[in-house]
Amino acid sequence: MQLLTKVMNMDYEHWETFLALADTHSFSRTAELLHISQTTVTNRIKQLENKVGKLLFVRDTRSVRLSEAGLALYPYAKKGLELLKQGELVAKNSIDFDEILAIGSHVSIWHYFLLPYIHELRNQSQYTLRFFTGHTKRMLDLLMDGRLDACVVPTPPHHPYLEGIELFQESFQLVASPFLFTQVPLHLTSEELRTLPFIHIPWESPFLDWFHQDIGTRLLPSIEVDDTTVLTRLLLNHKMLAFLPELVARSFIQSGELISIPFRSLHPIPKRSIYLVFHKKNRYSRAFLDFKRLLLSGV
């Protein structure tokens with residue numbers, strides 16, 4: 001952090017040059033990328049190193065690489081530049097801050113829960129909406145960085161600046177292609193699961209904790225994925241089975257495209273809670289309040 005503090009007052013171009021050189025490993029390629037002279041690149045790096053009091057790059061006849069001090073600075077510089085670019089974009093907008101709403105969530109929650117609310121919000125307002133997709137940690141990081149106003153995730157917040165509202169709970173179901181079995185079993189056990197074409201997706205805790213405890217790590221799935229869209233495509237197009245949250249499974253079961261199979265386990269399959277998480281400083285934003293009202297009203 002002391003390293004970061006020493007360079008906070010450097011120009012935007014110094015940060016940009018530092019990151020470009022760290023990525024290209026070449027003064028000439030950096031100069032070409034930034035449309036400046038190689039002498040300018042050298043001078044900016046020297047000014048940064050003088051400010052820090054340490055060499056940021058190790059130079060040899062073949063390439064340039066980050067020093068230990070440069071490696072320490074790099075993630076902070078990268079994040080700082082990203083935030084600065086985002087701030088410039090917001091500043092250039094003529095739209096009032098309170099009319100912009102940035103929302104983040106998982107792919108599955110977007111597809112199977114949030115989109116109707118977004119449609120309704122667009123019908124009721126003229127807000128500029130920004131959407132982000134990713135895992136829970138990325139969403140919470142973006143929230144803390146100020147790039148998100150709110151996110152909908154299956155994890156409660158554990159930070160004094162963040163607040164969460166539980167929207168609903170849902171169970172997990174073992175589902176399969178209706179063509180997998182000649183006769184649908186009354187139930188399946190973990191031992192039987194090991195003999196079947198099982199697709200695994202590492203849903204977040206508490207499901208993952210239960211899975212490791214009840215089924216164990218000895219199960220080697222036929223396929224492991226990290227994306228719900230890929231998972232559902234495989235289930236619909238092949239004779240396979242997987243655990244899905246009720247939110248995702250419901251419409252496929254109702255349409256007959258998938259069937260639900262009771263799973264006999266040592267411990268009950270845990271439910272997961274879905275939370276609306278937001279930064280406390282945004283709780284009175286008009287755009288956020290309208291979004292929160294829609295979610296809680298269950299439109």
# chains A, B, ... in the order shown; residues from 1 in each chain; ligands from 1
call {"tool": "select_by_dssp", "arguments": {"residues": "range 173-212 of chain A", "states": "alpha helix (DSSP H)", "output": "list in words"}}
result
Ser190, Glu191, Glu192, Leu193, Phe207, Leu208, Asp209 and Trp210 of chain A
call {"tool": "residues_around", "arguments": {"residues": "Pro268 in chain A", "least_positions_apart": "3", "cutoff": "10 Å", "atoms": "only C-alpha atoms", "output": "mmCIF file with C-alpha atoms, in the first residue's frame"}}
result
data_model
loop_
_atom_site.group_PDB
_atom_site.id
_atom_site.type_symbol
_atom_site.label_atom_id
_atom_site.label_comp_id
_atom_site.auth_asym_id
_atom_site.auth_seq_id
_atom_site.Cartn_x
_atom_site.Cartn_y
_atom_site.Cartn_z
ATOM 1 C CA TRP A 210 -22.923 -30.883 1.057
ATOM 2 C CA ASP A 214 -22.403 -36.590 1.163
ATOM 3 C CA PHE A 263 -31.927 -38.411 -4.576
ATOM 4 C CA ARG A 264 -31.379 -40.449 -1.409
ATOM 5 C CA SER A 265 -28.540 -38.940 0.624
ATOM 6 C CA LYS A 271 -31.333 -24.900 0.059
#
call {"tool": "residues_around", "arguments": {"residues": "range 129-138 of chain A", "least_positions_apart": "4", "cutoff": "6 Å", "atoms": "only C-alpha atoms", "output": "tab-separated table (two decimals) with C-alpha atoms, in the first residue's frame"}}
result
chain	number	residue	atom	x	y	z
A	100	ILE	CA	-27.79	5.15	-14.02
A	101	LEU	CA	-28.14	1.68	-12.53
A	102	ALA	CA	-25.39	-0.96	-12.77
A	103	ILE	CA	-26.50	-4.48	-11.84
A	104	GLY	CA	-24.52	-7.71	-11.63
A	105	SER	CA	-25.40	-11.38	-11.20
A	106	HIS	CA	-24.68	-14.96	-12.23
call {"tool": "residues_around", "arguments": {"residues": "Ile259 in chain A", "least_positions_apart": "5", "cutoff": "10 Å", "atoms": "only C-alpha atoms", "output": "PyMOL selection string"}}
result
chain A and resi 173-180+184+241+249-250+252-254
call {"tool": "select_by_dssp", "arguments": {"residues": "range 121-248 of chain A", "states": "strand (DSSP E)", "output": "number ranges by chain"}}
result
A: 128-133, 150-153, 162-170, 172-176, 199-200, 223-224, 241-245
call {"tool": "decode", "arguments": {"residues": "range 19-156 of chain A", "atoms": "C-alpha atoms", "output": "PDB file, in the first residue's frame"}}
result
ATOM      1  CA  LEU A  19       0.950  -1.303 -17.601  1.00  0.00           C
ATOM      2  CA  ALA A  20       1.655  -1.400 -21.338  1.00  0.00           C
ATOM      3  CA  LEU A  21       5.363  -2.095 -20.775  1.00  0.00           C
ATOM      4  CA  ALA A  22       4.531  -4.780 -18.195  1.00  0.00           C
ATOM      5  CA  ASP A  23       2.269  -6.491 -20.752  1.00  0.00           C
ATOM      6  CA  THR A  24       4.405  -6.113 -23.892  1.00  0.00           C
ATOM      7  CA  HIS A  25       7.874  -6.596 -22.300  1.00  0.00           C
ATOM      8  CA  SER A  26       9.218  -4.205 -24.921  1.00  0.00           C
ATOM      9  CA  PHE A  27       9.933  -0.454 -24.972  1.00  0.00           C
ATOM     10  CA  SER A  28       9.503  -0.308 -28.755  1.00  0.00           C
ATOM     11  CA  ARG A  29       6.175  -2.184 -28.774  1.00  0.00           C
ATOM     12  CA  THR A  30       4.928  -0.005 -25.907  1.00  0.00           C
ATOM     13  CA  ALA A  31       5.826   3.138 -27.844  1.00  0.00           C
ATOM     14  CA  GLU A  32       4.037   1.797 -30.929  1.00  0.00           C
ATOM     15  CA  LEU A  33       0.966   0.791 -28.898  1.00  0.00           C
ATOM     16  CA  LEU A  34       0.639   4.197 -27.202  1.00  0.00           C
ATOM     17  CA  HIS A  35       1.673   6.194 -30.299  1.00  0.00           C
ATOM     18  CA  ILE A  36       4.554   7.898 -28.507  1.00  0.00           C
ATOM     19  CA  SER A  37       8.328   7.844 -28.891  1.00  0.00           C
ATOM     20  CA  GLN A  38      10.481   5.237 -27.207  1.00  0.00           C
ATOM     21  CA  THR A  39      12.279   8.080 -25.408  1.00  0.00           C
ATOM     22  CA  THR A  40       8.955   9.156 -23.873  1.00  0.00           C
ATOM     23  CA  VAL A  41       8.340   5.601 -22.679  1.00  0.00           C
ATOM     24  CA  THR A  42      11.799   5.504 -21.078  1.00  0.00           C
ATOM     25  CA  ASN A  43      11.338   8.901 -19.403  1.00  0.00           C
ATOM     26  CA  ARG A  44       7.937   8.013 -17.961  1.00  0.00           C
ATOM     27  CA  ILE A  45       9.231   4.759 -16.499  1.00  0.00           C
ATOM     28  CA  LYS A  46      12.249   6.540 -15.027  1.00  0.00           C
ATOM     29  CA  GLN A  47       9.978   9.147 -13.419  1.00  0.00           C
ATOM     30  CA  LEU A  48       7.859   6.388 -11.897  1.00  0.00           C
ATOM     31  CA  GLU A  49      10.931   4.584 -10.588  1.00  0.00           C
ATOM     32  CA  ASN A  50      12.307   7.820  -9.128  1.00  0.00           C
ATOM     33  CA  LYS A  51       8.992   8.434  -7.392  1.00  0.00           C
ATOM     34  CA  VAL A  52       8.879   4.924  -5.945  1.00  0.00           C
ATOM     35  CA  GLY A  53      12.581   4.813  -5.173  1.00  0.00           C
ATOM     36  CA  LYS A  54      12.944   1.336  -6.662  1.00  0.00           C
ATOM     37  CA  LEU A  55      13.453  -0.253 -10.057  1.00  0.00           C
ATOM     38  CA  LEU A  56      10.125  -1.416 -11.467  1.00  0.00           C
ATOM     39  CA  PHE A  57      11.571  -3.370 -14.392  1.00  0.00           C
ATOM     40  CA  VAL A  58      14.506  -5.699 -14.901  1.00  0.00           C
ATOM     41  CA  ARG A  59      16.082  -5.045 -18.301  1.00  0.00           C
ATOM     42  CA  ASP A  60      18.314  -7.367 -20.322  1.00  0.00           C
ATOM     43  CA  THR A  61      19.317  -7.628 -23.971  1.00  0.00           C
ATOM     44  CA  ARG A  62      16.285  -9.715 -24.913  1.00  0.00           C
ATOM     45  CA  SER A  63      13.323  -8.435 -22.933  1.00  0.00           C
ATOM     46  CA  VAL A  64      11.974  -6.355 -20.104  1.00  0.00           C
ATOM     47  CA  ARG A  65      10.200  -7.886 -17.123  1.00  0.00           C
ATOM     48  CA  LEU A  66       8.682  -6.605 -13.891  1.00  0.00           C
ATOM     49  CA  SER A  67      10.907  -6.457 -10.824  1.00  0.00           C
ATOM     50  CA  GLU A  68       9.666  -7.534  -7.406  1.00  0.00           C
ATOM     51  CA  ALA A  69       8.524  -3.966  -6.720  1.00  0.00           C
ATOM     52  CA  GLY A  70       6.878  -3.815 -10.160  1.00  0.00           C
ATOM     53  CA  LEU A  71       4.990  -7.034  -9.510  1.00  0.00           C
ATOM     54  CA  ALA A  72       3.706  -5.576  -6.233  1.00  0.00           C
ATOM     55  CA  LEU A  73       2.529  -2.400  -7.974  1.00  0.00           C
ATOM     56  CA  TYR A  74       0.977  -4.006 -11.068  1.00  0.00           C
ATOM     57  CA  PRO A  75      -2.422  -5.211  -9.715  1.00  0.00           C
ATOM     58  CA  TYR A  76      -3.045  -1.877  -7.961  1.00  0.00           C
ATOM     59  CA  ALA A  77      -2.098   0.113 -11.057  1.00  0.00           C
ATOM     60  CA  LYS A  78      -4.307  -2.053 -13.281  1.00  0.00           C
ATOM     61  CA  LYS A  79      -7.300  -1.726 -10.998  1.00  0.00           C
ATOM     62  CA  GLY A  80      -6.723   1.997 -10.503  1.00  0.00           C
ATOM     63  CA  LEU A  81      -6.576   2.626 -14.257  1.00  0.00           C
ATOM     64  CA  GLU A  82      -9.757   0.613 -14.833  1.00  0.00           C
ATOM     65  CA  LEU A  83     -11.589   2.652 -12.197  1.00  0.00           C
ATOM     66  CA  LEU A  84     -10.254   5.902 -13.636  1.00  0.00           C
ATOM     67  CA  LYS A  85     -11.476   4.970 -17.130  1.00  0.00           C
ATOM     68  CA  GLN A  86     -14.865   4.067 -15.703  1.00  0.00           C
ATOM     69  CA  GLY A  87     -14.970   7.394 -13.864  1.00  0.00           C
ATOM     70  CA  GLU A  88     -14.134   9.296 -17.044  1.00  0.00           C
ATOM     71  CA  LEU A  89     -16.947   7.503 -18.856  1.00  0.00           C
ATOM     72  CA  VAL A  90     -19.443   8.464 -16.145  1.00  0.00           C
ATOM     73  CA  ALA A  91     -18.168  12.051 -16.078  1.00  0.00           C
ATOM     74  CA  LYS A  92     -18.607  12.401 -19.852  1.00  0.00           C
ATOM     75  CA  ASN A  93     -22.222  11.246 -19.606  1.00  0.00           C
ATOM     76  CA  SER A  94     -24.795  13.983 -19.542  1.00  0.00           C
ATOM     77  CA  ILE A  95     -27.131  11.658 -17.644  1.00  0.00           C
ATOM     78  CA  ASP A  96     -27.644  12.413 -13.972  1.00  0.00           C
ATOM     79  CA  PHE A  97     -25.872   9.910 -11.668  1.00  0.00           C
ATOM     80  CA  ASP A  98     -29.173   8.901 -10.088  1.00  0.00           C
ATOM     81  CA  GLU A  99     -30.489   7.795 -13.490  1.00  0.00           C
ATOM     82  CA  ILE A 100     -27.791   5.154 -14.024  1.00  0.00           C
ATOM     83  CA  LEU A 101     -28.137   1.675 -12.532  1.00  0.00           C
ATOM     84  CA  ALA A 102     -25.394  -0.959 -12.773  1.00  0.00           C
ATOM     85  CA  ILE A 103     -26.505  -4.484 -11.841  1.00  0.00           C
ATOM     86  CA  GLY A 104     -24.522  -7.710 -11.630  1.00  0.00           C
ATOM     87  CA  SER A 105     -25.405 -11.378 -11.202  1.00  0.00           C
ATOM     88  CA  HIS A 106     -24.678 -14.964 -12.230  1.00  0.00           C
ATOM     89  CA  VAL A 107     -25.598 -16.145 -15.725  1.00  0.00           C
ATOM     90  CA  SER A 108     -28.265 -18.501 -14.355  1.00  0.00           C
ATOM     91  CA  ILE A 109     -29.870 -15.826 -12.184  1.00  0.00           C
ATOM     92  CA  TRP A 110     -29.939 -13.388 -15.109  1.00  0.00           C
ATOM     93  CA  HIS A 111     -31.621 -15.894 -17.435  1.00  0.00           C
ATOM     94  CA  TYR A 112     -34.057 -17.528 -15.057  1.00  0.00           C
ATOM     95  CA  PHE A 113     -34.935 -14.722 -12.628  1.00  0.00           C
ATOM     96  CA  LEU A 114     -33.775 -11.164 -13.314  1.00  0.00           C
ATOM     97  CA  LEU A 115     -34.605 -10.458 -16.953  1.00  0.00           C
ATOM     98  CA  PRO A 116     -38.391  -9.974 -16.478  1.00  0.00           C
ATOM     99  CA  TYR A 117     -37.663  -7.413 -13.733  1.00  0.00           C
ATOM    100  CA  ILE A 118     -35.246  -5.594 -16.017  1.00  0.00           C
ATOM    101  CA  HIS A 119     -37.895  -5.483 -18.729  1.00  0.00           C
ATOM    102  CA  GLU A 120     -40.403  -4.046 -16.260  1.00  0.00           C
ATOM    103  CA  LEU A 121     -37.880  -1.488 -15.015  1.00  0.00           C
ATOM    104  CA  ARG A 122     -37.314  -0.316 -18.589  1.00  0.00           C
ATOM    105  CA  ASN A 123     -41.072   0.067 -19.083  1.00  0.00           C
ATOM    106  CA  GLN A 124     -41.399   2.170 -15.956  1.00  0.00           C
ATOM    107  CA  SER A 125     -38.341   4.397 -16.271  1.00  0.00           C
ATOM    108  CA  GLN A 126     -35.728   5.965 -18.538  1.00  0.00           C
ATOM    109  CA  TYR A 127     -32.715   4.769 -16.559  1.00  0.00           C
ATOM    110  CA  THR A 128     -29.486   3.879 -18.280  1.00  0.00           C
ATOM    111  CA  LEU A 129     -28.856   0.262 -17.280  1.00  0.00           C
ATOM    112  CA  ARG A 130     -25.474  -1.480 -17.175  1.00  0.00           C
ATOM    113  CA  PHE A 131     -25.245  -5.235 -16.716  1.00  0.00           C
ATOM    114  CA  PHE A 132     -22.333  -7.322 -15.443  1.00  0.00           C
ATOM    115  CA  THR A 133     -22.039 -11.114 -15.302  1.00  0.00           C
ATOM    116  CA  GLY A 134     -19.733 -13.299 -13.231  1.00  0.00           C
ATOM    117  CA  HIS A 135     -19.226 -15.272 -10.048  1.00  0.00           C
ATOM    118  CA  THR A 136     -20.088 -13.902  -6.615  1.00  0.00           C
ATOM    119  CA  LYS A 137     -16.580 -12.721  -5.684  1.00  0.00           C
ATOM    120  CA  ARG A 138     -16.296 -10.664  -8.868  1.00  0.00           C
ATOM    121  CA  MET A 139     -19.722  -9.116  -8.267  1.00  0.00           C
ATOM    122  CA  LEU A 140     -18.856  -8.124  -4.689  1.00  0.00           C
ATOM    123  CA  ASP A 141     -15.486  -6.712  -5.818  1.00  0.00           C
ATOM    124  CA  LEU A 142     -17.216  -4.575  -8.452  1.00  0.00           C
ATOM    125  CA  LEU A 143     -19.700  -3.439  -5.817  1.00  0.00           C
ATOM    126  CA  MET A 144     -16.911  -2.348  -3.475  1.00  0.00           C
ATOM    127  CA  ASP A 145     -15.125  -0.588  -6.356  1.00  0.00           C
ATOM    128  CA  GLY A 146     -18.237   1.439  -7.114  1.00  0.00           C
ATOM    129  CA  ARG A 147     -18.744  -0.083 -10.565  1.00  0.00           C
ATOM    130  CA  LEU A 148     -21.949  -1.824  -9.460  1.00  0.00           C
ATOM    131  CA  ASP A 149     -24.932  -0.347  -7.644  1.00  0.00           C
ATOM    132  CA  ALA A 150     -26.382  -3.738  -6.738  1.00  0.00           C
ATOM    133  CA  CYS A 151     -25.963  -7.426  -7.408  1.00  0.00           C
ATOM    134  CA  VAL A 152     -28.131 -10.514  -6.985  1.00  0.00           C
ATOM    135  CA  VAL A 153     -26.044 -13.416  -5.693  1.00  0.00           C
ATOM    136  CA  PRO A 154     -26.428 -16.630  -3.631  1.00  0.00           C
ATOM    137  CA  THR A 155     -24.208 -15.354  -0.810  1.00  0.00           C
ATOM    138  CA  PRO A 156     -24.927 -12.858   1.994  1.00  0.00           C
TER     139      PRO A 156
END
